[in-house]
>>> print(open('data-v1.pdb').read())   # PDB, C-alpha atoms
ATOM      1  CA  MET P 291      23.190 289.249 209.888
ATOM      2  CA  GLN P 292      22.192 288.896 206.279
ATOM      3  CA  LEU P 293      19.994 291.425 204.532
ATOM      4  CA  PRO P 294      16.751 290.049 203.148
ATOM      5  CA  LEU P 295      16.985 289.131 199.490
ATOM      6  CA  VAL P 296      14.310 291.658 198.554
ATOM      7  CA  LEU P 297      16.371 294.459 200.113
ATOM      8  CA  LEU P 298      19.507 293.354 198.274
ATOM      9  CA  THR P 299      17.688 293.570 194.949
ATOM     10  CA  LEU P 300      16.668 297.167 195.713
ATOM     11  CA  LEU P 301      20.175 298.376 196.463
ATOM     12  CA  PRO P 302      21.521 300.514 193.595
ATOM     13  CA  SER P 303      24.267 298.957 191.522
ATOM     14  CA  PRO P 304      27.490 300.935 191.136
ATOM     15  CA  PRO P 305      27.514 303.244 188.103
ATOM     16  CA  ALA P 306      29.194 301.973 184.967
ATOM     17  CA  PRO P 307      32.545 303.598 184.249
ATOM     18  CA  PRO P 308      32.418 306.227 181.480
ATOM     19  CA  ALA P 309      33.330 305.106 177.975
ATOM     20  CA  VAL P 310      35.620 308.127 177.563
ATOM     21  CA  THR P 311      37.058 310.553 180.110
ATOM     22  CA  LEU P 312      38.639 313.910 179.241
ATOM     23  CA  HIS P 313      41.598 315.479 181.054
ATOM     24  CA  ARG P 314      42.964 318.906 180.214
ATOM     25  CA  ILE P 315      46.655 319.105 179.244
ATOM     26  CA  THR P 316      49.058 321.878 178.287
ATOM     27  CA  ALA P 317      49.758 323.064 174.770
ATOM     28  CA  ALA P 318      53.376 321.937 175.181
ATOM     29  CA  THR P 319      52.345 318.405 176.165
ATOM     30  CA  TYR P 320      50.027 318.248 173.197
ATOM     31  CA  ALA P 321      52.686 319.522 170.778
ATOM     32  CA  GLN P 322      55.255 317.009 172.022
ATOM     33  CA  ALA P 323      52.833 314.117 171.584
ATOM     34  CA  ARG P 324      51.809 315.416 168.164
ATOM     35  CA  ARG P 325      55.408 315.349 166.949
ATOM     36  CA  ALA P 326      55.853 311.789 168.170
ATOM     37  CA  ALA P 327      52.568 310.444 166.807
ATOM     38  CA  LYS P 328      52.639 308.424 163.607
ATOM     39  CA  PRO P 329      49.571 308.018 161.381
ATOM     40  CA  VAL P 330      48.327 304.439 161.204
ATOM     41  CA  GLN P 331      48.063 302.893 157.757
ATOM     42  CA  VAL P 332      45.569 300.040 157.628
ATOM     43  CA  PRO P 333      45.890 297.236 155.051
ATOM     44  CA  THR P 334      43.680 298.243 152.134
ATOM     45  CA  THR P 335      42.789 296.659 148.816
ATOM     46  CA  PHE P 336      41.038 298.228 145.833
ATOM     47  CA  PRO P 337      38.629 295.642 144.392
ATOM     48  CA  ILE P 338      36.398 298.408 142.970
ATOM     49  CA  LYS P 339      37.516 300.453 139.965
ATOM     50  CA  PRO P 340      35.662 303.756 139.502
ATOM     51  CA  LEU P 341      35.008 304.716 135.915
ATOM     52  CA  ASN P 342      33.621 307.982 134.538
ATOM     53  CA  GLY P 343      32.455 309.230 137.931
ATOM     54  CA  GLN P 344      30.710 306.010 138.919
ATOM     55  CA  PHE P 345      31.420 302.786 140.781
ATOM     56  CA  VAL P 346      29.381 299.892 142.133
ATOM     57  CA  ILE P 347      29.953 298.070 145.421
ATOM     58  CA  PRO P 348      28.501 294.531 145.403
ATOM     59  CA  THR P 349      26.903 293.498 148.698
ATOM     60  CA  SER P 350      24.890 290.487 149.831
ATOM     61  CA  SER P 351      21.786 292.699 149.885
ATOM     62  CA  GLY P 352      22.345 293.914 146.333
ATOM     63  CA  PRO P 353      24.705 296.250 144.463
ATOM     64  CA  GLN P 354      25.116 299.829 145.659
ATOM     65  CA  THR P 355      25.785 302.344 142.910
ATOM     66  CA  PHE P 356      27.634 305.603 143.532
ATOM     67  CA  ARG P 357      27.413 308.135 140.728
ATOM     68  CA  ASP P 358      28.736 311.693 140.832
ATOM     69  CA  VAL P 359      26.167 314.451 140.393
ATOM     70  CA  VAL P 360      27.695 317.403 138.570
ATOM     71  CA  ILE P 361      25.653 320.596 138.487
ATOM     72  CA  ASP P 362      27.019 322.812 135.744
ATOM     73  CA  GLU P 363      25.619 325.961 134.152
ATOM     74  CA  LYS P 364      23.428 323.912 131.807
ATOM     75  CA  ALA P 365      21.944 321.976 134.729
ATOM     76  CA  ILE P 366      21.267 325.200 136.616
ATOM     77  CA  ALA P 367      19.561 326.633 133.538
ATOM     78  CA  ASN P 368      17.329 323.548 133.546
ATOM     79  CA  GLY P 369      16.217 324.232 137.100
ATOM     80  CA  HIS P 370      18.730 322.241 139.143
ATOM     81  CA  SER P 371      20.440 323.659 142.223
ATOM     82  CA  GLU P 372      24.116 323.591 143.186
ATOM     83  CA  ASP P 373      22.978 321.941 146.416
ATOM     84  CA  GLU P 374      22.481 318.743 144.417
ATOM     85  CA  SER P 375      26.222 318.435 143.698
ATOM     86  CA  THR P 376      27.656 315.144 145.001
ATOM     87  CA  ASN P 377      31.067 313.573 144.507
ATOM     88  CA  TYR P 378      32.155 310.085 145.599
ATOM     89  CA  VAL P 379      35.745 308.942 146.133
ATOM     90  CA  TYR P 380      36.496 305.269 146.710
ATOM     91  CA  HIS P 381      39.276 304.760 149.293
ATOM     92  CA  GLY P 382      39.401 300.972 149.125
ATOM     93  CA  PHE P 383      38.344 298.003 151.230
ATOM     94  CA  SER P 384      39.745 297.692 154.746
ATOM     95  CA  ALA P 385      40.035 293.967 155.456
ATOM     96  CA  GLY P 386      40.535 294.475 159.203
ATOM     97  CA  PHE P 387      37.320 296.472 159.568
ATOM     98  CA  ARG P 388      35.556 294.651 156.711
ATOM     99  CA  ARG P 389      34.354 297.906 155.214
ATOM    100  CA  HIS P 390      34.530 299.723 151.909
ATOM    101  CA  VAL P 391      35.576 303.313 152.604
ATOM    102  CA  VAL P 392      33.786 305.997 150.581
ATOM    103  CA  GLU P 393      34.322 309.750 150.887
ATOM    104  CA  VAL P 394      31.248 311.785 149.990
ATOM    105  CA  THR P 395      31.403 315.491 149.218
ATOM    106  CA  PHE P 396      28.228 317.523 148.913
ATOM    107  CA  TYR P 397      27.932 321.146 147.850
ATOM    108  CA  GLU P 398      29.299 322.596 151.105
ATOM    109  CA  THR P 399      29.688 319.610 153.445
ATOM    110  CA  GLY P 400      31.065 316.087 153.424
ATOM    111  CA  GLU P 401      30.916 312.673 155.096
ATOM    112  CA  TRP P 402      32.715 309.351 155.008
ATOM    113  CA  TRP P 403      30.716 306.154 154.570
ATOM    114  CA  LEU P 404      31.857 302.696 155.675
ATOM    115  CA  ILE P 405      29.972 300.064 153.669
ATOM    116  CA  SER P 406      29.923 296.472 154.943
ATOM    117  CA  PRO P 407      29.812 293.387 152.656
ATOM    118  CA  GLU P 408      26.190 293.010 153.804
ATOM    119  CA  GLY P 409      25.348 296.539 152.623
ATOM    120  CA  ARG P 410      25.154 298.219 156.026
ATOM    121  CA  ARG P 411      26.479 301.761 156.200
ATOM    122  CA  LEU P 412      28.178 303.613 159.035
ATOM    123  CA  THR P 413      28.323 307.374 158.599
ATOM    124  CA  LEU P 414      31.441 309.176 159.790
ATOM    125  CA  TYR P 415      31.250 312.950 159.961
ATOM    126  CA  GLY P 416      34.949 313.307 159.126
ATOM    127  CA  LYS P 417      37.997 311.431 157.854
ATOM    128  CA  PRO P 418      38.647 308.181 159.759
ATOM    129  CA  VAL P 419      41.598 308.257 162.152
ATOM    130  CA  TYR P 420      42.720 304.697 162.895
ATOM    131  CA  ALA P 421      43.926 303.511 166.307
ATOM    132  CA  PRO P 422      47.401 301.912 166.501
ATOM    133  CA  ASP P 423      45.934 298.448 167.216
ATOM    134  CA  GLN P 424      43.511 298.867 164.282
ATOM    135  CA  GLN P 425      40.564 298.034 166.511
ATOM    136  CA  SER P 426      39.045 301.517 166.707
ATOM    137  CA  ILE P 427      38.326 304.522 164.506
ATOM    138  CA  ALA P 428      37.871 308.113 165.628
ATOM    139  CA  THR P 429      36.695 311.102 163.643
ATOM    140  CA  ILE P 430      35.882 314.777 164.190
ATOM    141  CA  CYS P 431      33.700 317.333 162.447
ATOM    142  CA  PRO P 432      33.848 321.030 163.415
ATOM    143  CA  GLY P 433      30.410 322.532 163.029
ATOM    144  CA  LEU P 434      29.904 325.573 165.256
ATOM    145  CA  GLU P 435      31.626 328.194 163.129
ATOM    146  CA  TYR P 436      29.871 326.763 160.094
ATOM    147  CA  SER P 437      26.587 327.463 161.889
ATOM    148  CA  GLY P 438      24.680 324.227 161.509
ATOM    149  CA  GLY P 439      25.661 323.167 158.006
ATOM    150  CA  GLN P 440      27.244 320.020 159.443
ATOM    151  CA  PRO P 441      27.248 318.338 162.854
ATOM    152  CA  ASN P 442      29.702 319.521 165.484
ATOM    153  CA  ALA P 443      30.809 316.093 166.641
ATOM    154  CA  LEU P 444      33.474 313.677 167.799
ATOM    155  CA  GLN P 445      32.882 309.979 167.130
ATOM    156  CA  ILE P 446      34.576 306.734 168.112
ATOM    157  CA  PHE P 447      33.812 303.378 166.501
ATOM    158  CA  ARG P 448      35.158 300.058 167.737
ATOM    159  CA  LEU P 449      35.335 296.461 166.580
ATOM    160  CA  GLN P 450      33.062 294.368 168.782
ATOM    161  CA  ASN P 451      32.920 290.623 168.095
ATOM    162  CA  GLY P 452      34.393 291.279 164.674
ATOM    163  CA  THR P 453      31.858 293.963 163.717
ATOM    164  CA  LEU P 454      32.573 297.691 163.627
ATOM    165  CA  ARG P 455      30.024 299.505 165.764
ATOM    166  CA  PRO P 456      29.466 303.023 167.159
ATOM    167  CA  PHE P 457      31.139 303.194 170.578
ATOM    168  CA  TRP P 458      30.929 306.833 171.693
ATOM    169  CA  GLU P 459      29.790 310.158 170.263
ATOM    170  CA  VAL P 460      29.594 313.687 171.622
ATOM    171  CA  ARG P 461      28.067 316.793 170.034
ATOM    172  CA  PRO P 462      29.319 319.702 172.118
ATOM    173  CA  THR P 463      27.728 323.132 172.042
ATOM    174  CA  SER P 464      30.493 325.045 173.869
ATOM    175  CA  TRP P 465      33.556 323.877 171.928
ATOM    176  CA  GLU P 466      34.528 322.747 168.448
ATOM    177  CA  PRO P 467      36.967 319.890 167.663
ATOM    178  CA  GLU P 468      39.977 321.018 165.607
ATOM    179  CA  GLU P 469      42.394 318.077 165.599
ATOM    180  CA  LEU P 470      42.489 314.541 166.981
ATOM    181  CA  PHE P 471      45.136 311.806 167.032
ATOM    182  CA  TRP P 472      45.842 308.518 168.791
ATOM    183  CA  VAL P 473      48.874 307.994 171.006
ATOM    184  CA  ASP P 474      48.017 304.383 171.857
ATOM    185  CA  LYS P 475      45.072 302.045 171.498
ATOM    186  CA  ASN P 476      43.177 303.606 174.428
ATOM    187  CA  THR P 477      44.365 307.220 174.342
ATOM    188  CA  LEU P 478      43.661 310.180 172.061
ATOM    189  CA  TYR P 479      44.761 313.790 172.175
ATOM    190  CA  LEU P 480      42.318 316.501 171.166
ATOM    191  CA  LYS P 481      42.764 320.133 170.227
ATOM    192  CA  ARG P 482      39.554 322.073 170.469
ATOM    193  CA  GLU P 483      38.389 325.654 170.123
ATOM    194  CA  GLU P 484      36.322 326.980 172.981
ATOM    195  CA  TYR P 485      33.088 328.889 172.362
ATOM    196  CA  PRO P 486      32.257 330.565 175.690
ATOM    197  CA  GLY P 487      28.817 332.105 175.555
ATOM    198  CA  GLY P 488      28.535 331.117 171.912
ATOM    199  CA  ARG P 489      31.513 333.242 170.900
ATOM    200  CA  GLN P 490      34.703 331.980 169.318
ATOM    201  CA  GLY P 491      37.451 331.742 171.933
ATOM    202  CA  ALA P 492      40.867 330.233 172.644
ATOM    203  CA  MET P 493      42.253 326.787 171.896
ATOM    204  CA  SER P 494      42.490 324.171 174.627
ATOM    205  CA  TYR P 495      44.138 320.744 174.692
ATOM    206  CA  TRP P 496      42.830 317.477 176.086
ATOM    207  CA  LYS P 497      43.725 313.856 176.697
ATOM    208  CA  LEU P 498      40.936 311.340 176.080
ATOM    209  CA  ALA P 499      41.148 308.043 177.948
ATOM    210  CA  VAL P 500      39.029 305.418 176.189
ATOM    211  CA  ALA P 501      37.736 302.477 178.208
ATOM    212  CA  ALA P 502      39.794 299.394 177.403
ATOM    213  CA  LYS P 503      38.211 296.538 175.501
ATOM    214  CA  PRO P 504      37.423 293.553 177.719
ATOM    215  CA  GLU P 505      39.903 290.734 177.229
TER     216      GLU P 505
END
>>> encode(input="data-v1.pdb", output="structure tokens")
Amino acid sequence: MQLPLVLLTLLPSPPAPPAVTLHRITAATYAQARRAAKPVQVPTTFPIKPLNGQFVIPTSSGPQTFRDVVIDEKAIANGHSEDESTNYVYHGFSAGFRRHVVEVTFYETGEWWLISPEGRRLTLYGKPVYAPDQQSIATICPGLEYSGGQPNALQIFRLQNGTLRPFWEVRPTSWEPEELFWVDKNTLYLKREEYPGGRQGAMSYWKLAVAAKPE
């Protein structure tokens, strides 16, 4: 006996599998994997040449200018604040991800910006950590101990149809990311500091299984 079509349309569809699942591991397992892990170096060119604290990235939507802001004693005397300090470091153009990589340091915090040839910007809260297949980027930013000055976050970006896009992000309130590395294209290991009840606690170690890209 077949169910009426209207009833079939009302049946709930199975839940989508999670983008990332976390499994707790031992400190020894983490340390062994850490020793074996090798940082991934992505092919990078340097078409932009900074000069005197400034550089310009040409994009199809217009040039983007990055100029250091130095707040010295004279600037402070003229009413400026140290909070205005900004420093830009150009880390080259990643051909695989089609992004210019720019490190930005503010007075007490920092970010990494990935600038596309079209002028779009992805903001990473920490240094990019590249996956072995060079199809994904992960990054962490510890922010609990710093008490709100920067986000407490873990991010993953992934190439989708040739474009780098945000894939997964978590902003925990009970733990702080301390270290992250890839062991293969779909697996990361994470060291994190627990904050039970809002208080700084012990380290714990985790394996992150990232959903595989569809073939």
>>> residues_around(input="data-v1.pdb", residues="P:Ile427", least_positions_apart="4", cutoff="9 Å", atoms="only C-alpha atoms", output="compact mmCIF listing (two decimals) with C-alpha atoms, in the frame of the given file")
# COMPACT_ATOMS: atom_id res chain seq x y z
CA PRO P 418 38.65 308.18 159.76
CA VAL P 419 41.60 308.26 162.15
CA TYR P 420 42.72 304.70 162.90
CA ALA P 421 43.93 303.51 166.31
CA GLN P 445 32.88 309.98 167.13
CA ILE P 446 34.58 306.73 168.11
CA PHE P 447 33.81 303.38 166.50
CA ARG P 448 35.16 300.06 167.74
CA LEU P 449 35.34 296.46 166.58
CA LEU P 454 32.57 297.69 163.63
>>> residues_around(input="data-v1.pdb", residues="stretch 340-343 of chain P", least_positions_apart="6", cutoff="10 Å", atoms="all atoms listed in the file", output="number ranges by chain")
P: 356-360, 377-380
>>> residues_around(input="data-v1.pdb", residues="stretch 479-491 of chain P", least_positions_apart="2", cutoff="7 Å", atoms="all atoms listed in the file", output="ChimeraX atom specification")
/P:320,464-472,477,493-498
>>> closest_residue(input="data-v1.pdb", among="P:Val391, P:Leu444, P:Val330, P:Ala385", to="P:Leu412", atoms="only C-alpha atoms")
P:Val391
>>> closest_residue(input="data-v1.pdb", among="P:Glu363, P:Glu393, P:Glu398, P:Glu372", to="P:Gly439", atoms="only C-alpha atoms")
P:Glu398
>>> residues_around(input="data-v1.pdb", residues="P:Ser351", least_positions_apart="6", cutoff="10 Å", atoms="all atoms listed in the file", output="ChimeraX atom specification")
/P:407-410
